[in-house]
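Structure data (CSV, C-alpha atoms) from model_1.csv:
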chain,number,residue,atom,x,y,z
A,1,GLU,CA,103.1,86.5,157.9
A,2,ALA,CA,106.8,87.2,157.6
A,3,GLY,CA,109.1,85.3,160.0
A,4,VAL,CA,112.1,86.4,161.9
A,5,THR,CA,114.8,87.7,159.7
A,6,GLN,CA,118.5,88.1,160.4
A,7,PHE,CA,121.3,89.9,158.6
A,8,PRO,CA,123.9,89.0,157.5
A,9,SER,CA,123.5,85.3,157.0
A,10,HIS,CA,127.3,84.8,157.2
A,11,SER,CA,130.2,87.0,158.4
A,12,VAL,CA,133.9,86.2,158.4
A,13,ILE,CA,136.0,88.7,160.3
A,14,GLU,CA,139.5,88.8,161.8
A,15,LYS,CA,140.2,88.7,165.5
A,16,GLY,CA,140.0,92.2,166.9
A,17,GLN,CA,137.5,93.5,164.4
A,18,THR,CA,133.9,94.6,165.1
A,19,VAL,CA,130.8,92.9,163.8
A,20,THR,CA,127.1,93.9,164.1
A,21,LEU,CA,124.3,91.4,163.7
A,22,ARG,CA,120.7,92.5,163.0
A,23,CYS,CA,117.4,90.8,163.8
A,24,ASP,CA,114.0,91.8,162.7
A,25,PRO,CA,111.3,90.0,164.8
A,26,ILE,CA,107.9,88.9,163.7
A,27,SER,CA,105.7,92.0,163.6
A,28,GLY,CA,103.8,92.6,166.8
A,29,HIS,CA,106.1,90.4,168.9
A,30,ASP,CA,107.3,92.3,172.0
A,31,ASN,CA,109.7,89.6,173.1
A,32,LEU,CA,113.0,89.3,171.3
A,33,TYR,CA,115.7,86.8,172.3
A,34,TRP,CA,119.3,86.2,171.2
A,35,TYR,CA,120.9,82.8,171.3
A,36,ARG,CA,124.2,81.3,170.2
A,37,ARG,CA,125.3,77.9,169.2
A,38,VAL,CA,129.0,77.1,169.2
A,39,MET,CA,130.2,74.0,167.4
A,40,GLY,CA,129.4,70.8,169.1
A,41,LYS,CA,127.4,72.5,171.9
A,42,GLU,CA,123.7,73.2,172.6
A,43,ILE,CA,122.0,76.4,171.7
A,44,LYS,CA,122.5,78.8,174.6
A,45,PHE,CA,120.6,81.9,175.7
A,46,LEU,CA,122.2,85.3,175.5
A,47,LEU,CA,119.6,87.9,176.3
A,48,HIS,CA,115.9,88.8,176.2
A,49,PHE,CA,114.2,92.1,175.3
A,50,VAL,CA,110.7,93.1,176.1
A,51,LYS,CA,110.0,95.9,173.7
A,52,GLU,CA,113.1,98.1,174.1
A,53,SER,CA,114.0,97.0,177.6
A,54,LYS,CA,116.5,94.3,178.5
A,55,GLN,CA,114.6,91.8,180.6
A,56,ASP,CA,117.4,89.3,181.1
A,57,GLU,CA,121.0,89.5,179.9
A,58,SER,CA,122.4,86.8,182.1
A,59,GLY,CA,123.7,84.8,179.2
A,60,MET,CA,125.9,87.5,177.7
A,61,PRO,CA,129.4,86.2,177.8
A,62,ASN,CA,131.3,89.4,178.6
A,63,ASN,CA,131.3,93.1,178.0
A,64,ARG,CA,132.5,92.7,174.4
A,65,PHE,CA,128.9,92.0,173.5
A,66,LEU,CA,126.4,94.8,173.3
A,67,ALA,CA,122.8,94.4,172.3
A,68,GLU,CA,120.3,97.1,171.6
A,69,ARG,CA,116.7,97.3,170.6
A,70,THR,CA,116.0,101.0,170.1
A,71,GLY,CA,112.3,101.7,169.5
A,72,GLY,CA,111.3,98.2,170.4
A,73,THR,CA,111.5,96.9,166.8
A,74,TYR,CA,114.6,95.4,165.3
A,75,SER,CA,117.6,94.5,167.5
A,76,THR,CA,121.4,94.6,166.9
A,77,LEU,CA,124.1,92.6,168.6
A,78,LYS,CA,127.6,94.0,168.4
A,79,VAL,CA,130.7,92.1,169.2
A,80,GLN,CA,133.7,94.4,169.7
A,81,PRO,CA,136.5,93.3,169.6
A,82,ALA,CA,135.8,89.8,168.3
A,83,GLU,CA,137.7,86.9,169.6
A,84,LEU,CA,138.2,83.4,168.1
A,85,GLU,CA,135.8,81.8,170.7
A,86,ASP,CA,133.0,84.1,169.5
A,87,SER,CA,132.6,82.0,166.3
A,88,GLY,CA,129.3,80.2,166.1
A,89,VAL,CA,125.8,80.6,164.9
A,90,TYR,CA,123.8,83.5,166.4
A,91,PHE,CA,120.1,83.0,166.4
A,92,CYS,CA,117.4,85.5,167.1
A,93,ALA,CA,113.9,84.5,168.2
A,94,SER,CA,110.7,86.3,168.9
A,95,SER,CA,107.5,85.6,170.8
A,96,GLN,CA,104.1,87.1,171.7
A,97,GLU,CA,103.7,88.0,175.3
A,98,GLY,CA,102.3,85.2,177.5
A,99,LEU,CA,102.5,82.3,175.0
A,100,GLY,CA,106.1,81.3,175.5
A,101,ARG,CA,106.5,79.9,172.0
A,102,GLN,CA,109.5,81.3,170.4
A,103,PHE,CA,110.1,81.4,166.6
A,104,PHE,CA,113.6,81.5,165.4
A,105,GLY,CA,115.3,83.3,162.5
A,106,PRO,CA,117.7,81.6,160.1
A,107,GLY,CA,120.8,82.7,162.1
A,108,THR,CA,124.0,84.5,161.4
A,109,ARG,CA,127.0,82.2,161.0
A,110,LEU,CA,130.0,84.1,162.5
A,111,THR,CA,133.5,83.0,161.8
A,112,VAL,CA,136.4,84.8,163.6
A,113,LEU,CA,139.8,84.1,162.1
B,1,ARG,CA,124.8,68.0,185.0
B,2,LYS,CA,123.1,69.7,182.1
B,3,GLU,CA,119.7,71.2,182.8
B,4,VAL,CA,118.2,69.5,179.8
B,5,GLU,CA,119.6,66.2,178.5
B,6,GLN,CA,118.9,64.2,175.4
B,7,ASP,CA,120.3,61.1,173.8
B,8,PRO,CA,122.3,62.4,170.8
B,9,GLY,CA,121.5,59.3,168.8
B,10,PRO,CA,121.5,58.8,165.9
B,11,PHE,CA,118.3,56.8,165.8
B,12,ASN,CA,118.2,54.9,162.5
B,13,VAL,CA,114.7,53.7,161.7
B,14,PRO,CA,113.0,52.4,158.5
B,15,GLU,CA,110.1,54.3,156.9
B,16,GLY,CA,106.9,53.6,158.6
B,17,ALA,CA,108.4,52.8,161.9
B,18,THR,CA,107.4,54.4,165.2
B,19,VAL,CA,110.2,56.1,167.1
B,20,ALA,CA,110.3,57.8,170.5
B,21,PHE,CA,112.8,60.2,172.1
B,22,ASN,CA,113.1,61.1,175.7
B,23,CYS,CA,114.4,64.4,177.2
B,24,THR,CA,115.1,64.8,180.9
B,25,TYR,CA,115.2,68.1,182.7
B,26,SER,CA,116.6,68.9,186.1
B,27,ASN,CA,114.9,72.2,187.0
B,28,SER,CA,111.7,71.4,188.8
B,29,ALA,CA,110.6,75.0,188.2
B,30,SER,CA,110.3,74.4,184.5
B,31,GLN,CA,106.8,75.2,183.4
B,32,SER,CA,106.6,74.6,179.7
B,33,PHE,CA,108.4,72.5,177.2
B,34,PHE,CA,109.0,72.6,173.5
B,35,TRP,CA,110.1,70.3,170.8
B,36,TYR,CA,111.9,71.9,167.9
B,37,ARG,CA,113.1,70.3,164.6
B,38,GLN,CA,116.4,71.4,163.2
B,39,ASP,CA,117.6,70.5,159.7
B,40,CYS,CA,121.3,70.8,158.9
B,41,ARG,CA,122.5,74.4,158.9
B,42,LYS,CA,119.0,75.7,159.4
B,43,GLU,CA,117.1,77.3,162.3
B,44,PRO,CA,115.1,75.4,164.8
B,45,LYS,CA,111.5,75.2,163.8
B,46,LEU,CA,108.8,74.8,166.5
B,47,LEU,CA,107.2,71.4,166.3
B,48,MET,CA,105.2,71.1,169.5
B,49,SER,CA,104.5,72.9,172.7
B,50,VAL,CA,103.8,71.0,175.9
B,51,TYR,CA,102.2,72.9,178.8
B,52,SER,CA,100.4,70.2,180.7
B,53,SER,CA,100.4,66.4,180.4
B,54,GLY,CA,100.8,66.2,176.6
B,55,ASN,CA,100.0,67.2,173.1
B,56,GLU,CA,99.2,65.5,169.9
B,57,ASP,CA,99.5,66.8,166.3
B,58,GLY,CA,99.0,64.3,163.5
B,59,ARG,CA,101.8,61.7,163.7
B,60,PHE,CA,103.5,63.5,166.5
B,61,THR,CA,102.7,63.0,170.2
B,62,ALA,CA,104.5,64.7,173.1
B,63,GLN,CA,104.1,63.5,176.7
B,64,LEU,CA,105.2,65.3,179.9
B,65,ASN,CA,105.9,63.4,183.1
B,66,ARG,CA,106.5,65.9,185.9
B,67,ALA,CA,107.0,63.3,188.5
B,68,SER,CA,110.0,61.8,186.7
B,69,GLN,CA,110.9,65.1,185.0
B,70,TYR,CA,111.0,64.0,181.4
B,71,ILE,CA,109.3,64.8,178.1
B,72,SER,CA,108.9,62.4,175.3
B,73,LEU,CA,108.3,62.8,171.6
B,74,LEU,CA,106.7,59.9,169.7
B,75,ILE,CA,106.7,59.9,165.9
B,76,ARG,CA,104.4,57.4,164.2
B,77,ASP,CA,104.6,56.2,160.6
B,78,SER,CA,108.1,57.8,160.1
B,79,LYS,CA,108.7,59.5,156.7
B,80,LEU,CA,112.0,60.1,155.0
B,81,SER,CA,111.3,63.8,155.5
B,82,ASP,CA,111.3,63.4,159.3
B,83,SER,CA,115.1,62.9,159.2
B,84,ALA,CA,116.4,65.8,161.3
B,85,THR,CA,117.7,66.7,164.7
B,86,TYR,CA,115.0,67.1,167.4
B,87,LEU,CA,115.7,69.6,170.1
B,88,CYS,CA,114.0,69.6,173.5
B,89,ALA,CA,113.7,72.9,175.4
B,90,SER,CA,112.4,74.0,178.7
B,91,ASN,CA,111.1,77.3,180.0
B,92,THR,CA,110.6,78.4,183.5
B,93,GLY,CA,108.0,81.1,182.7
B,94,PHE,CA,107.8,82.3,179.2
B,95,GLN,CA,111.3,83.5,179.4
B,96,LYS,CA,114.6,82.1,178.1
B,97,LEU,CA,114.6,78.6,176.6
B,98,VAL,CA,117.1,76.0,177.9
B,99,PHE,CA,118.0,73.6,175.1
B,100,GLY,CA,119.3,70.0,175.0
B,101,THR,CA,121.9,69.1,172.5
B,102,GLY,CA,119.4,67.4,170.3
B,103,THR,CA,118.6,63.9,169.1
B,104,ARG,CA,119.4,63.0,165.5
B,105,LEU,CA,116.9,60.9,163.6
B,106,LEU,CA,117.7,59.2,160.3
B,107,VAL,CA,114.8,57.6,158.5
B,108,SER,CA,115.8,55.2,155.7
B,109,PRO,CA,113.8,53.7,152.7

Would you encode the structure as structure tokens?
Amino acid sequence: EAGVTQFPSHSVIEKGQTVTLRCDPISGHDNLYWYRRVMGKEIKFLLHFVKESKQDESGMPNNRFLAERTGGTYSTLKVQPAELEDSGVYFCASSQEGLGRQFFGPGTRLTVL
Amino acid sequence: RKEVEQDPGPFNVPEGATVAFNCTYSNSASQSFFWYRQDCRKEPKLLMSVYSSGNEDGRFTAQLNRASQYISLLIRDSKLSDSATYLCASNTGFQKLVFGTGTRLLVSP
């Protein structure tokens, strides 16, 4: 069974530019989560989709971040315009309903210069 | 105070040793707990899930103490390949995970 995949693996952009990250969850997993780890800090929750609906977006830092999951399959996370403090590793995770175990993708390492 | 706290370590142990990490949580509504292993610049990989008192999988044992609000991870017969950062996470109901900062383990020959 294929795991969670994320694209790109790395992205280096300048402040003010736009970046879109993509996550493909494990097939059949309705729950999709985005997390972020900034240097020296713990992994922090950003938001949670159940199928195509946003279940919880309490962790989104501000309105420069927009997440979508059209059709309830893959998800995108867009940062526009990017700021220096957005640098970090963005992880996506997915889970089956009711089990709670979340499986993580390899992450996208974002560097904003 | 952080919701999930871990000793960052590093814990330096020789091969074959037994090592234990603790993780404390402050949210009494936490229902389930997870131990993840994270290698340098890699994603967290699920190691164990703890839903009730504990769980055992080979050399790894996780214990949950709800009265004192902590979870422990015991690794027996440490291998060189066990060297990694071990992340503790809590969940209040199959929703978002709250992570600790991780405990670094170094197993030496």

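In this comparison, which uses all atoms listed in the file, the residue of B:Asn55, B:Val107, B:Asn27, B:Pro8 approaching chain A most closely is B:Pro8.
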
Would you kindly return, as a compact mmCIF listing (two decimals) with C-alpha atoms, in the coordinates of the input, each protein, DNA or RNA residue with an atom no farther than 10 Å from any atom of B:Ser26, considering all atoms listed in the file and excluding same-chain residues fewer than 4 positions away?
# COMPACT_ATOMS: atom_id res chain seq x y z
CA ARG B 1 124.80 68.00 185.00
CA LYS B 2 123.10 69.70 182.10
CA GLU B 3 119.70 71.20 182.80
CA VAL B 4 118.20 69.50 179.80
CA GLU B 5 119.60 66.20 178.50
CA SER B 30 110.30 74.40 184.50
CA SER B 68 110.00 61.80 186.70
CA GLN B 69 110.90 65.10 185.00
CA TYR B 70 111.00 64.00 181.40
CA SER B 90 112.40 74.00 178.70

**Item:** Residue hits in chain A, query chain B, radius 6 Å, only C-alpha atoms, as a list of chain:residue names
**Value:** A:Glu42, A:Ile43, A:Gly100, A:Pro106

Could you write out the selected residues, including C-alpha atoms, as a PDB file, in the coordinates of the input?
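See part.pdb below for the written result:
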ATOM      1  CA  GLU A  42     123.700  73.200 172.600  1.00  0.00           C
ATOM      2  CA  ILE A  43     122.000  76.400 171.700  1.00  0.00           C
ATOM      3  CA  GLY A 100     106.100  81.300 175.500  1.00  0.00           C
ATOM      4  CA  PRO A 106     117.700  81.600 160.100  1.00  0.00           C
TER       5      PRO A 106
END

**Asked** Looking at only C-alpha atoms, which of A:Leu32, A:Cys23, A:Ala67, A:Val38 is the one that sits closest to A:Arg109?
**Response**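 That would be A:Val38, the residue with the smallest distance to A:Arg109.
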
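Note that the spacing between atom CA of A:Met60 and atom CA of A:Phe45 amounts to 8.0 Å.
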
**Item:** Length of the atom CA of A:Asn63 to atom CA of A:Leu46 vector [Å]
**Value:**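 Computing it gives 12.2 Å between the two atoms.
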
**Request:** Go through A:Phe65, A:Met39, A:Trp34, A:Gly72 and flag the residue nearest A:Glu52, using only C-alpha atoms for the distances.
**Result:**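 Of A:Phe65, A:Met39, A:Trp34, A:Gly72, the one nearest A:Glu52 is A:Gly72, counting only C-alpha atoms.
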
**Fill in**
Correct to one decimal, the distance atom CA of B:Val50-atom CA of A:Ser75 is 28.5 Å

**Prompt:** With distances taken over only C-alpha atoms, which of B:Ala29, B:Asn65, B:Phe21, B:Arg76 is nearest to B:Leu105?
**Reply:**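 That would be B:Phe21, the residue with the smallest distance to B:Leu105.
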
**Item:** Pick from B:Cys88, B:Leu74, B:Ala62, B:Leu106 nearest to B:Asp7, counting all atoms listed in the file
**Value:** B:Cys88

Find the spatial neighbours of A:Gln6, counting only C-alpha atoms, within a cut-off of 9 Å - ignore same-chain residues fewer than 3 positions away - and output them as a compact mmCIF listing (two decimals) with C-alpha atoms, in the coordinates of the input.
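Done, and the output landed in part.txt:
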# COMPACT_ATOMS: atom_id res chain seq x y z
CA SER A 9 123.50 85.30 157.00
CA LEU A 21 124.30 91.40 163.70
CA ARG A 22 120.70 92.50 163.00
CA CYS A 23 117.40 90.80 163.80
CA ASP A 24 114.00 91.80 162.70
CA PRO A 25 111.30 90.00 164.80
CA PHE A 91 120.10 83.00 166.40
CA CYS A 92 117.40 85.50 167.10
CA GLY A 105 115.30 83.30 162.50
CA PRO A 106 117.70 81.60 160.10
CA GLY A 107 120.80 82.70 162.10
CA THR A 108 124.00 84.50 161.40
